[in-house]
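Dumped entry_32.tsv below, it's TSV, C-alpha atoms:
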```tsv
chain	number	residue	atom	x	y	z
A	16	MET	CA	21.43	-8.81	-0.84
A	17	PRO	CA	19.47	-10.19	2.17
A	18	ASP	CA	17.60	-13.47	1.82
A	19	PRO	CA	14.04	-12.79	0.54
A	20	SER	CA	12.68	-15.37	2.99
A	21	ALA	CA	14.15	-13.40	5.88
A	22	VAL	CA	12.60	-10.22	4.48
A	23	LYS	CA	9.23	-11.97	4.27
A	24	ALA	CA	9.55	-13.20	7.85
A	25	ALA	CA	10.21	-9.65	9.05
A	26	LEU	CA	7.30	-8.26	7.05
A	27	THR	CA	4.87	-10.70	8.70
A	28	THR	CA	5.48	-8.85	11.99
A	29	GLN	CA	4.58	-5.41	10.61
A	30	ARG	CA	1.45	-3.70	11.95
A	31	ILE	CA	0.00	-0.46	10.57
A	32	GLU	CA	-2.76	1.32	12.48
A	33	THR	CA	-5.46	3.10	10.51
A	34	PRO	CA	-7.26	6.21	11.82
A	35	SER	CA	-11.01	6.23	12.28
A	36	TRP	CA	-11.30	9.77	10.90
A	37	ALA	CA	-9.80	8.81	7.54
A	38	TYR	CA	-12.91	6.75	6.76
A	39	GLY	CA	-15.31	9.68	7.20
A	40	ASN	CA	-15.87	12.84	5.21
A	41	SER	CA	-13.00	15.22	5.78
A	42	GLY	CA	-11.15	17.73	3.68
A	43	THR	CA	-9.26	20.99	3.51
A	44	ARG	CA	-10.16	24.25	5.21
A	45	PHE	CA	-11.86	25.30	1.99
A	46	LYS	CA	-14.14	22.41	1.13
A	47	VAL	CA	-15.14	18.93	2.21
A	48	PHE	CA	-16.39	16.83	-0.69
A	49	ALA	CA	-18.90	14.39	0.75
A	50	GLN	CA	-18.85	10.82	-0.53
A	51	ALA	CA	-21.67	8.31	-0.58
A	52	GLY	CA	-21.45	5.41	1.83
A	53	VAL	CA	-19.04	6.93	4.33
A	54	PRO	CA	-19.47	5.98	7.99
A	55	ARG	CA	-22.05	7.84	10.05
A	56	ASP	CA	-20.75	6.75	13.45
A	57	PRO	CA	-17.75	5.04	15.08
A	58	TRP	CA	-19.26	1.59	14.59
A	59	GLU	CA	-19.36	1.98	10.83
A	60	LYS	CA	-15.82	3.36	10.83
A	61	LEU	CA	-14.66	0.17	12.54
A	62	ALA	CA	-16.54	-1.95	10.00
A	63	ASP	CA	-14.65	-0.21	7.18
A	64	ALA	CA	-11.33	-0.53	9.00
A	65	ALA	CA	-11.99	-4.24	9.39
A	66	LYS	CA	-12.19	-4.51	5.60
A	67	VAL	CA	-8.76	-2.87	5.24
A	68	HIS	CA	-7.32	-5.45	7.63
A	69	GLU	CA	-9.17	-8.28	5.90
A	70	PHE	CA	-7.52	-7.53	2.57
A	71	THR	CA	-4.07	-6.40	3.77
A	72	GLY	CA	-3.56	-8.57	6.85
A	73	VAL	CA	-1.41	-5.91	8.55
A	74	ALA	CA	-3.89	-3.30	9.85
A	75	PRO	CA	-5.36	-4.91	13.00
A	76	THR	CA	-5.90	-1.76	15.07
A	77	VAL	CA	-7.90	1.44	14.65
A	78	ALA	CA	-7.08	4.77	16.29
A	79	LEU	CA	-9.95	6.74	17.81
A	80	HIS	CA	-10.34	10.51	18.02
A	81	ILE	CA	-12.24	11.96	20.95
A	82	PRO	CA	-14.85	13.48	20.82
A	83	TRP	CA	-15.31	12.57	17.14
A	84	ASP	CA	-15.62	8.90	18.17
A	85	LYS	CA	-17.40	9.43	21.45
A	86	VAL	CA	-19.84	6.67	22.49
A	87	GLU	CA	-21.72	5.84	25.68
A	88	ASP	CA	-20.05	2.47	26.22
A	89	TYR	CA	-16.44	2.08	25.09
A	90	GLY	CA	-16.35	-1.50	26.29
A	91	LYS	CA	-19.08	-2.34	23.78
A	92	LEU	CA	-17.18	-0.50	21.06
A	93	ALA	CA	-14.06	-2.51	21.85
A	94	GLU	CA	-16.09	-5.74	21.75
A	95	PHE	CA	-17.62	-4.72	18.41
A	96	ALA	CA	-14.10	-4.18	17.05
A	97	ARG	CA	-12.99	-7.62	18.25
A	98	GLU	CA	-16.02	-9.24	16.64
A	99	HIS	CA	-14.93	-7.70	13.34
A	100	GLY	CA	-11.34	-8.88	13.65
A	101	VAL	CA	-9.70	-5.64	14.75
A	102	ALA	CA	-8.93	-3.84	18.01
A	103	LEU	CA	-8.98	-0.27	19.24
A	104	GLY	CA	-5.62	1.49	19.13
A	105	ALA	CA	-4.35	4.91	20.12
A	106	ILE	CA	-6.70	7.43	21.68
A	107	ASN	CA	-6.24	10.85	20.06
A	108	SER	CA	-7.27	13.92	22.01
A	109	ASN	CA	-8.89	17.08	20.66
A	110	THR	CA	-8.03	20.41	22.27
A	111	PHE	CA	-8.36	22.57	19.18
A	112	GLN	CA	-12.00	22.83	18.14
A	113	ASP	CA	-13.77	24.46	21.08
A	114	ASP	CA	-14.14	28.25	21.08
A	115	ASP	CA	-12.44	28.30	24.48
A	116	TYR	CA	-9.21	27.20	22.79
A	117	LYS	CA	-8.84	30.26	20.57
A	118	LEU	CA	-5.74	31.33	22.55
A	119	GLY	CA	-4.58	27.81	23.36
A	120	SER	CA	-5.53	24.83	25.50
A	121	ILE	CA	-3.08	23.62	28.14
A	122	CYS	CA	-0.88	26.65	27.34
A	123	HIS	CA	-3.78	29.13	27.57
A	124	PRO	CA	-3.23	32.16	29.86
A	125	ASP	CA	-6.55	31.44	31.61
A	126	ALA	CA	-6.28	28.72	34.25
A	127	ALA	CA	-9.93	27.74	33.75
A	128	VAL	CA	-9.33	26.93	30.09
A	129	ARG	CA	-6.21	24.97	30.98
A	130	ARG	CA	-8.25	23.03	33.52
A	131	LYS	CA	-10.84	22.19	30.86
A	132	ALA	CA	-8.17	20.95	28.45
A	133	ILE	CA	-6.43	18.82	31.05
A	134	GLY	CA	-9.80	17.39	32.07
A	135	HIS	CA	-10.33	16.26	28.48
A	136	LEU	CA	-6.92	14.60	28.39
A	137	LEU	CA	-7.66	12.76	31.63
A	138	GLU	CA	-10.97	11.65	30.12
A	139	CYS	CA	-8.98	10.18	27.22
A	140	VAL	CA	-6.95	8.11	29.69
A	141	ASP	CA	-10.22	6.86	31.18
A	142	ILE	CA	-11.22	5.79	27.67
A	143	MET	CA	-7.88	4.00	27.31
A	144	ASP	CA	-8.69	2.06	30.45
A	145	ALA	CA	-12.09	1.09	29.04
A	146	THR	CA	-10.83	0.07	25.60
A	147	GLY	CA	-7.51	-1.52	26.53
A	148	SER	CA	-5.63	1.08	24.49
A	149	THR	CA	-2.02	1.67	25.41
A	150	ASP	CA	-1.24	4.97	23.65
A	151	LEU	CA	-2.50	8.48	24.37
A	152	LYS	CA	-1.60	10.67	21.40
A	153	LEU	CA	-1.35	14.40	21.96
A	154	TRP	CA	-1.17	17.18	19.41
A	155	PHE	CA	-1.68	20.78	20.47
A	156	ALA	CA	-2.66	23.64	18.19
A	157	ASP	CA	-1.41	25.99	20.93
A	158	GLY	CA	0.69	28.97	19.94
A	159	THR	CA	0.60	32.67	19.18
A	160	ASN	CA	0.21	34.73	16.02
A	161	TYR	CA	1.91	37.97	17.09
A	162	PRO	CA	5.01	39.01	19.03
A	163	GLY	CA	4.06	39.96	22.55
A	164	GLN	CA	0.71	38.16	22.40
A	165	ASP	CA	1.76	35.94	25.30
A	166	ASP	CA	4.90	35.00	27.22
A	167	ILE	CA	6.74	32.25	25.34
A	168	ARG	CA	8.51	30.91	28.43
A	169	GLU	CA	5.40	30.90	30.60
A	170	ARG	CA	3.56	28.95	27.93
A	171	GLN	CA	6.26	26.28	28.08
A	172	ASP	CA	5.86	26.18	31.87
A	173	ARG	CA	2.10	25.69	31.49
A	174	LEU	CA	2.68	22.97	28.92
A	175	ALA	CA	5.09	21.12	31.20
A	176	GLU	CA	2.73	21.39	34.16
A	177	GLY	CA	-0.25	20.08	32.19
A	178	LEU	CA	1.67	17.22	30.62
A	179	ALA	CA	3.02	16.19	34.02
A	180	GLU	CA	-0.48	15.91	35.50
A	181	VAL	CA	-1.68	13.72	32.65
A	182	TYR	CA	1.51	11.67	32.74
A	183	GLN	CA	0.93	10.83	36.40
A	184	ARG	CA	-2.50	9.46	35.50
A	185	LEU	CA	-1.11	6.88	33.05
A	186	GLY	CA	-1.37	3.27	34.16
A	187	ASP	CA	0.94	0.31	33.70
A	188	GLY	CA	1.58	-0.43	30.05
A	189	GLN	CA	0.25	2.98	28.96
A	190	ARG	CA	2.28	5.76	27.42
A	191	MET	CA	1.99	9.33	26.18
A	192	LEU	CA	2.97	10.11	22.59
A	193	LEU	CA	3.66	13.80	21.97
A	194	GLU	CA	3.38	15.11	18.42
A	195	TYR	CA	4.90	18.31	17.04
A	196	LYS	CA	4.04	20.64	14.18
A	197	PHE	CA	6.15	23.61	13.19
A	198	PHE	CA	3.26	25.88	12.22
A	199	GLU	CA	-0.49	26.09	11.69
A	200	PRO	CA	-2.73	27.27	13.15
A	201	ALA	CA	-0.20	29.32	15.16
A	202	PHE	CA	1.98	31.36	12.82
A	203	TYR	CA	4.38	33.28	15.08
A	204	ALA	CA	5.31	30.78	17.80
A	205	THR	CA	3.91	27.27	18.06
A	206	ASP	CA	4.25	25.76	21.53
A	207	VAL	CA	5.40	22.32	20.30
A	208	PRO	CA	6.98	23.28	16.95
A	209	ASP	CA	9.69	20.66	16.49
A	210	TRP	CA	11.08	17.33	17.60
A	211	GLY	CA	13.56	18.99	19.96
A	212	THR	CA	10.80	20.66	21.99
A	213	ALA	CA	8.77	17.45	22.08
A	214	TYR	CA	11.87	15.46	23.05
A	215	ALA	CA	12.78	17.88	25.85
A	216	HIS	CA	9.34	17.58	27.43
A	217	CYS	CA	9.25	13.79	27.04
A	218	LEU	CA	12.74	13.45	28.53
A	219	LYS	CA	11.67	15.38	31.61
A	220	LEU	CA	8.42	13.45	31.98
A	221	GLY	CA	9.97	9.98	31.96
A	222	GLU	CA	10.10	6.69	30.08
A	223	LYS	CA	6.34	6.56	29.42
A	224	ALA	CA	6.55	9.71	27.26
A	225	GLN	CA	7.78	9.47	23.69
A	226	VAL	CA	7.75	11.54	20.49
A	227	VAL	CA	5.50	11.05	17.46
A	228	VAL	CA	6.90	11.94	14.04
A	229	ASP	CA	4.23	13.07	11.59
A	230	THR	CA	5.90	12.91	8.20
A	231	GLY	CA	3.90	15.92	6.96
A	232	HIS	CA	4.83	18.23	9.84
A	233	HIS	CA	8.19	19.51	8.65
A	234	ALA	CA	9.60	22.43	6.74
A	235	PRO	CA	10.72	21.81	3.14
A	236	GLY	CA	14.11	20.13	3.00
A	237	THR	CA	13.98	18.76	6.53
A	238	ASN	CA	15.93	15.52	6.89
A	239	ILE	CA	13.23	13.48	8.61
A	240	GLU	CA	15.31	10.30	8.65
A	241	PHE	CA	17.94	12.12	10.74
A	242	ILE	CA	15.24	12.97	13.29
A	243	VAL	CA	14.07	9.34	13.27
A	244	ALA	CA	17.61	8.03	13.73
A	245	THR	CA	18.27	10.42	16.61
A	246	LEU	CA	15.04	9.66	18.45
A	247	LEU	CA	15.60	5.93	18.05
A	248	ARG	CA	19.14	6.30	19.35
A	249	GLU	CA	17.77	8.05	22.42
A	250	GLY	CA	14.93	5.56	22.91
A	251	LYS	CA	12.32	8.28	22.45
A	252	LEU	CA	10.65	7.45	19.13
A	253	GLY	CA	7.13	6.37	20.04
A	254	GLY	CA	5.52	6.24	16.64
A	255	PHE	CA	4.69	7.73	13.27
A	256	ASP	CA	1.79	9.51	11.68
A	257	PHE	CA	2.34	8.61	8.04
A	258	ASN	CA	1.20	10.92	5.24
A	259	SER	CA	2.68	13.00	2.40
A	260	ARG	CA	3.17	16.68	1.80
A	261	PHE	CA	4.03	18.79	-1.21
A	262	TYR	CA	3.81	22.21	0.46
A	263	ALA	CA	2.67	22.07	4.10
A	264	ASP	CA	0.61	19.68	6.21
A	265	ASP	CA	-1.19	18.30	3.17
A	266	ASP	CA	-2.22	14.93	4.69
A	267	LEU	CA	-1.93	13.19	1.33
A	268	MET	CA	-1.44	9.44	0.97
A	269	VAL	CA	1.86	8.26	2.43
A	270	GLY	CA	4.48	7.68	-0.24
A	271	ALA	CA	2.59	9.75	-2.80
A	272	ALA	CA	4.80	12.84	-2.82
A	273	ASP	CA	8.24	11.37	-2.11
A	274	PRO	CA	8.42	7.57	-1.94
A	275	PHE	CA	12.23	7.77	-1.71
A	276	GLN	CA	11.90	9.75	1.52
A	277	LEU	CA	9.57	7.10	2.95
A	278	PHE	CA	12.14	4.44	2.05
A	279	ARG	CA	14.93	6.42	3.72
A	280	ILE	CA	12.83	6.81	6.86
A	281	MET	CA	12.02	3.11	6.94
A	282	TYR	CA	15.69	2.23	6.48
A	283	GLU	CA	16.56	4.21	9.60
A	284	VAL	CA	13.71	2.46	11.44
A	285	VAL	CA	15.09	-0.94	10.44
A	286	ARG	CA	18.69	0.15	11.06
A	287	GLY	CA	17.88	1.59	14.49
A	288	GLY	CA	15.87	-1.33	15.84
A	289	GLY	CA	12.54	0.45	15.53
A	290	PHE	CA	10.85	-2.25	13.48
A	291	GLY	CA	8.83	-3.76	16.31
A	292	PRO	CA	5.98	-3.19	18.76
A	293	ASP	CA	7.65	-0.25	20.53
A	294	VAL	CA	7.29	2.06	17.51
A	295	ALA	CA	3.69	2.55	16.37
A	296	PHE	CA	3.08	2.93	12.63
A	297	MET	CA	-0.12	4.85	12.05
A	298	LEU	CA	-1.66	6.58	9.06
A	299	ASP	CA	-2.92	10.14	9.52
A	300	GLN	CA	-4.42	11.17	6.20
A	301	CYS	CA	-7.29	13.08	4.67
A	302	HIS	CA	-8.98	11.49	1.66
A	303	ASN	CA	-10.96	14.34	0.19
A	304	ILE	CA	-11.17	13.59	-3.55
A	305	GLU	CA	-10.24	9.89	-3.65
A	306	ALA	CA	-12.27	6.88	-2.52
A	307	LYS	CA	-11.45	6.37	1.13
A	308	ILE	CA	-11.10	2.63	1.72
A	309	PRO	CA	-9.04	1.92	-1.44
A	310	ALA	CA	-6.85	4.93	-0.59
A	311	ILE	CA	-6.17	3.54	2.87
A	312	ILE	CA	-5.41	0.10	1.44
A	313	ARG	CA	-3.02	1.71	-1.04
A	314	SER	CA	-1.34	3.64	1.77
A	315	VAL	CA	-0.83	0.47	3.79
A	316	MET	CA	0.71	-1.13	0.71
A	317	ASN	CA	3.00	1.87	0.20
A	318	VAL	CA	4.36	1.50	3.73
A	319	GLN	CA	4.82	-2.24	3.17
A	320	GLU	CA	6.74	-1.62	-0.06
A	321	ALA	CA	9.02	0.98	1.52
A	322	THR	CA	9.67	-1.37	4.44
A	323	ALA	CA	10.46	-4.30	2.14
A	324	LYS	CA	12.99	-2.18	0.25
A	325	ALA	CA	14.54	-1.04	3.52
A	326	LEU	CA	14.89	-4.66	4.62
A	327	LEU	CA	16.62	-5.46	1.32
A	328	VAL	CA	19.51	-3.07	1.95
A	329	ASP	CA	22.71	-5.12	1.99
A	330	ARG	CA	23.95	-3.99	5.38
A	331	SER	CA	27.30	-5.82	5.10
A	332	ALA	CA	28.09	-4.25	1.75
A	333	LEU	CA	26.95	-0.85	2.96
A	334	ASP	CA	29.07	-1.08	6.10
A	335	ALA	CA	32.14	-2.08	4.09
A	336	ALA	CA	31.69	0.79	1.66
A	337	GLN	CA	31.15	3.29	4.46
A	338	ARG	CA	34.24	2.18	6.35
A	339	ALA	CA	36.30	2.35	3.16
A	340	GLY	CA	35.04	5.84	2.47
A	341	ASP	CA	33.67	4.67	-0.89
A	342	VAL	CA	30.97	7.28	-1.37
A	343	LEU	CA	29.65	6.03	-4.69
A	344	GLU	CA	29.50	2.38	-3.67
A	345	ALA	CA	27.71	3.19	-0.41
A	346	ASN	CA	25.10	5.20	-2.28
A	347	ALA	CA	24.79	2.43	-4.89
A	348	VAL	CA	23.95	-0.11	-2.19
A	349	ILE	CA	21.12	2.09	-0.96
A	350	MET	CA	19.87	2.77	-4.48
A	351	ASP	CA	19.99	-0.93	-5.43
A	352	ALA	CA	17.56	-1.72	-2.63
A	353	TYR	CA	15.31	1.24	-3.42
A	354	ASN	CA	15.16	0.38	-7.13
A	355	THR	CA	14.17	-3.24	-6.45
A	356	ASP	CA	10.61	-4.06	-7.47
A	357	VAL	CA	9.26	-5.62	-4.27
A	358	ARG	CA	5.69	-6.03	-5.49
A	359	PRO	CA	6.18	-9.68	-6.54
A	360	LEU	CA	7.71	-10.46	-3.13
A	361	LEU	CA	4.74	-8.90	-1.32
A	362	ALA	CA	2.24	-10.62	-3.59
A	363	SER	CA	3.92	-13.94	-2.82
A	364	LEU	CA	3.87	-13.18	0.90
A	365	ARG	CA	0.15	-12.43	0.80
A	366	GLU	CA	-0.58	-15.67	-0.99
A	367	GLU	CA	1.41	-17.56	1.63
A	368	GLN	CA	-0.76	-15.91	4.28
A	369	GLY	CA	-3.96	-16.88	2.52
A	370	LEU	CA	-4.62	-13.36	1.26
A	371	ASP	CA	-5.36	-12.14	-2.23
A	372	PRO	CA	-2.09	-10.91	-3.81
A	373	ASP	CA	-3.93	-7.79	-5.02
A	374	PRO	CA	-5.61	-6.17	-1.95
A	375	ILE	CA	-7.27	-3.31	-3.86
A	376	GLY	CA	-8.59	-5.64	-6.54
A	377	ALA	CA	-9.88	-7.98	-3.84
A	378	TYR	CA	-11.65	-5.11	-2.12
A	379	ARG	CA	-13.32	-3.97	-5.34
A	380	ARG	CA	-14.45	-7.51	-6.12
A	381	SER	CA	-15.84	-7.93	-2.59
A	382	GLY	CA	-18.77	-5.59	-3.26
A	383	TRP	CA	-18.29	-3.80	0.07
A	384	GLY	CA	-18.14	-0.40	-1.61
A	385	GLN	CA	-21.48	-0.91	-3.32
A	386	LYS	CA	-23.01	-2.39	-0.17
A	387	ILE	CA	-22.23	0.62	2.04
A	388	VAL	CA	-23.42	3.11	-0.57
A	389	ALA	CA	-26.76	1.29	-0.66
A	390	GLU	CA	-27.11	0.85	3.09
A	391	ARG	CA	-25.68	4.04	4.59
A	392	VAL	CA	-28.45	6.39	3.59
A	393	GLY	CA	-29.72	9.19	5.78
A	394	GLY	CA	-28.43	10.40	9.09
A	395	GLN	CA	-25.51	12.70	9.67
A	396	GLN	CA	-22.45	11.64	7.74
A	397	ALA	CA	-19.14	11.77	9.56
A	398	GLY	CA	-17.03	14.89	9.19
A	399	TRP	CA	-14.56	16.99	11.15
A	400	GLY	CA	-17.01	17.19	14.02
A	401	ALA	CA	-18.05	13.55	14.19
```
Step by step, read the file and then write its structure as structure tokens.
Amino acid sequence: MPDPSAVKAALTTQRIETPSWAYGNSGTRFKVFAQAGVPRDPWEKLADAAKVHEFTGVAPTVALHIPWDKVEDYGKLAEFAREHGVALGAINSNTFQDDDYKLGSICHPDAAVRRKAIGHLLECVDIMDATGSTDLKLWFADGTNYPGQDDIRERQDRLAEGLAEVYQRLGDGQRMLLEYKFFEPAFYATDVPDWGTAYAHCLKLGEKAQVVVDTGHHAPGTNIEFIVATLLREGKLGGFDFNSRFYADDDLMVGAADPFQLFRIMYEVVRGGGFGPDVAFMLDQCHNIEAKIPAIIRSVMNVQEATAKALLVDRSALDAAQRAGDVLEANAVIMDAYNTDVRPLLASLREEQGLDPDPIGAYRRSGWGQKIVAERVGGQQAGWGA
């Protein structure tokens, strides 16, 4: 078993980005249950995110979603973040809410609509320049619902052309992260439905384009760790959107539905050299019935626990068992690491870093939850459109 001190040292380098939209009111297509004290603007979202970092020590950046987080001066927003001990992270685009995008955005048959969508993506790169962000994250709802609705091949051509224009706009140190989703809202043919399609486009674009793996965007039974291992092997894994699913794209707390799967994914990340700054770990979740800030803290802790277990895999013993063809012993090595209770190790690590060993308890004792309920009264609370 690896030395716990070495595991602790590796864990001190972990960074988990939280999404601004997870702090606001959001929910399913059927109902959004509003909560008291949620942020009313991007500034308050950053203030809440700063609390998550304060109590976990591993969430120093916050992803923005444009136009939900649109402000007049992004430099001031970045400075506000720094004053609160965090920084602005990935810029997420939105080409799925306007009426013009009913038939698609950069894959739309109308050139004028494609031009509008590409203009928005270029605006997002401008925002990256203003905030110091390095990652442009793209997810497209583009697709068709019926056979014959549009030409599948031509839509791929439009996609490639639009991505290439945005790619050329990227500056030094910036990259494009392309996400995939196998269905919803397009039910017949989604234009970026799987990792292979995303990989093919990124490969053609160049080294600044990489694939994002959203852990909720897969069909039942999909071996996500195989996808992770393959993309790492090819140098094309750009990052994760962590969440959980029971049925479809449920956006539940990461590790809630299948913590063993999260462990297996994190093992392949560690095994493949992806545990570092080149692979972005971000949450992408919807907290509809649970308190938002504690849920995000819990999610960060879930990723930490899965990572700690992955780091505890006895690689020498596993390699020996694999080479000997000892199926049961190889599986036992994996299961020994997974079944290890790493909570005491993480509590000890937090104490060594000057943090409370119980982040959720520390948050509850801080009084922040009561403070924001009392102060954030009136105005338009954040939702899908803010």
Nearest residue to Cys122 (chain A) from the set A:Gln319, A:Thr27, A:Thr159, A:Gln368 (distances using all atoms listed in the file): A:Thr159
Proximity of region 86-129 of chain A to region 196-211 of chain A: per-residue shortest pair, 12 Å limit, all atoms listed in the file, as a tab-separated table:
```
residue	atom	partner	partner_atom	distance
A:Phe111	CA	A:Pro200	CA	9.5
A:Gln112	CA	A:Pro200	CA	11.4
A:Tyr116	CA	A:Pro200	CA	11.6
A:Lys117	CA	A:Pro200	CA	10.1
A:Leu118	CA	A:Ala201	CA	9.5
A:Gly119	CA	A:Asp206	CA	9.2
A:Ser120	CA	A:Asp206	CA	10.6
A:Ile121	CA	A:Asp206	CA	10.1
A:Cys122	CA	A:Asp206	CA	7.8
A:His123	CA	A:Asp206	CA	10.6
```
Please provide as JSON, numbers by chain all residues within 12 Å of Met268 (chain A), with the sequence filter that same-chain residues fewer than 6 positions apart are discarded (counting all atoms listed in the file). {"A": [37, 230, 231, 256, 257, 258, 259, 260, 261, 274, 277, 298, 299, 300, 301, 302, 303, 304, 305, 306, 307, 308, 309, 310, 311, 312, 313, 314, 315, 316, 317, 318]}
Please provide as a PyMOL selection string all residues within 12 Å of region 240-250 of chain A, with the sequence filter that same-chain residues fewer than 5 positions apart are discarded (counting all atoms listed in the file). chain A and resi 209-211+213-215+217-218+221-230+233+255+275-291+293-294
Take the point (-23.5, 1.6, 4.2) as written in the file and pick out every residue within 12 Å of it, counting all atoms listed in the file; give the list as a PyMOL selection string. chain A and resi 39+50-56+58-60+62-63+382-394+396
Find, counting all atoms listed in the file, the residue in A:Leu178, A:Ile142, A:Leu252, A:Val67 that gets nearest to Tyr89 (chain A). A:Ile142
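Relative to CA of Ser35 (chain A), CA of Asp84 (chain A) is found at 7.9 Å.
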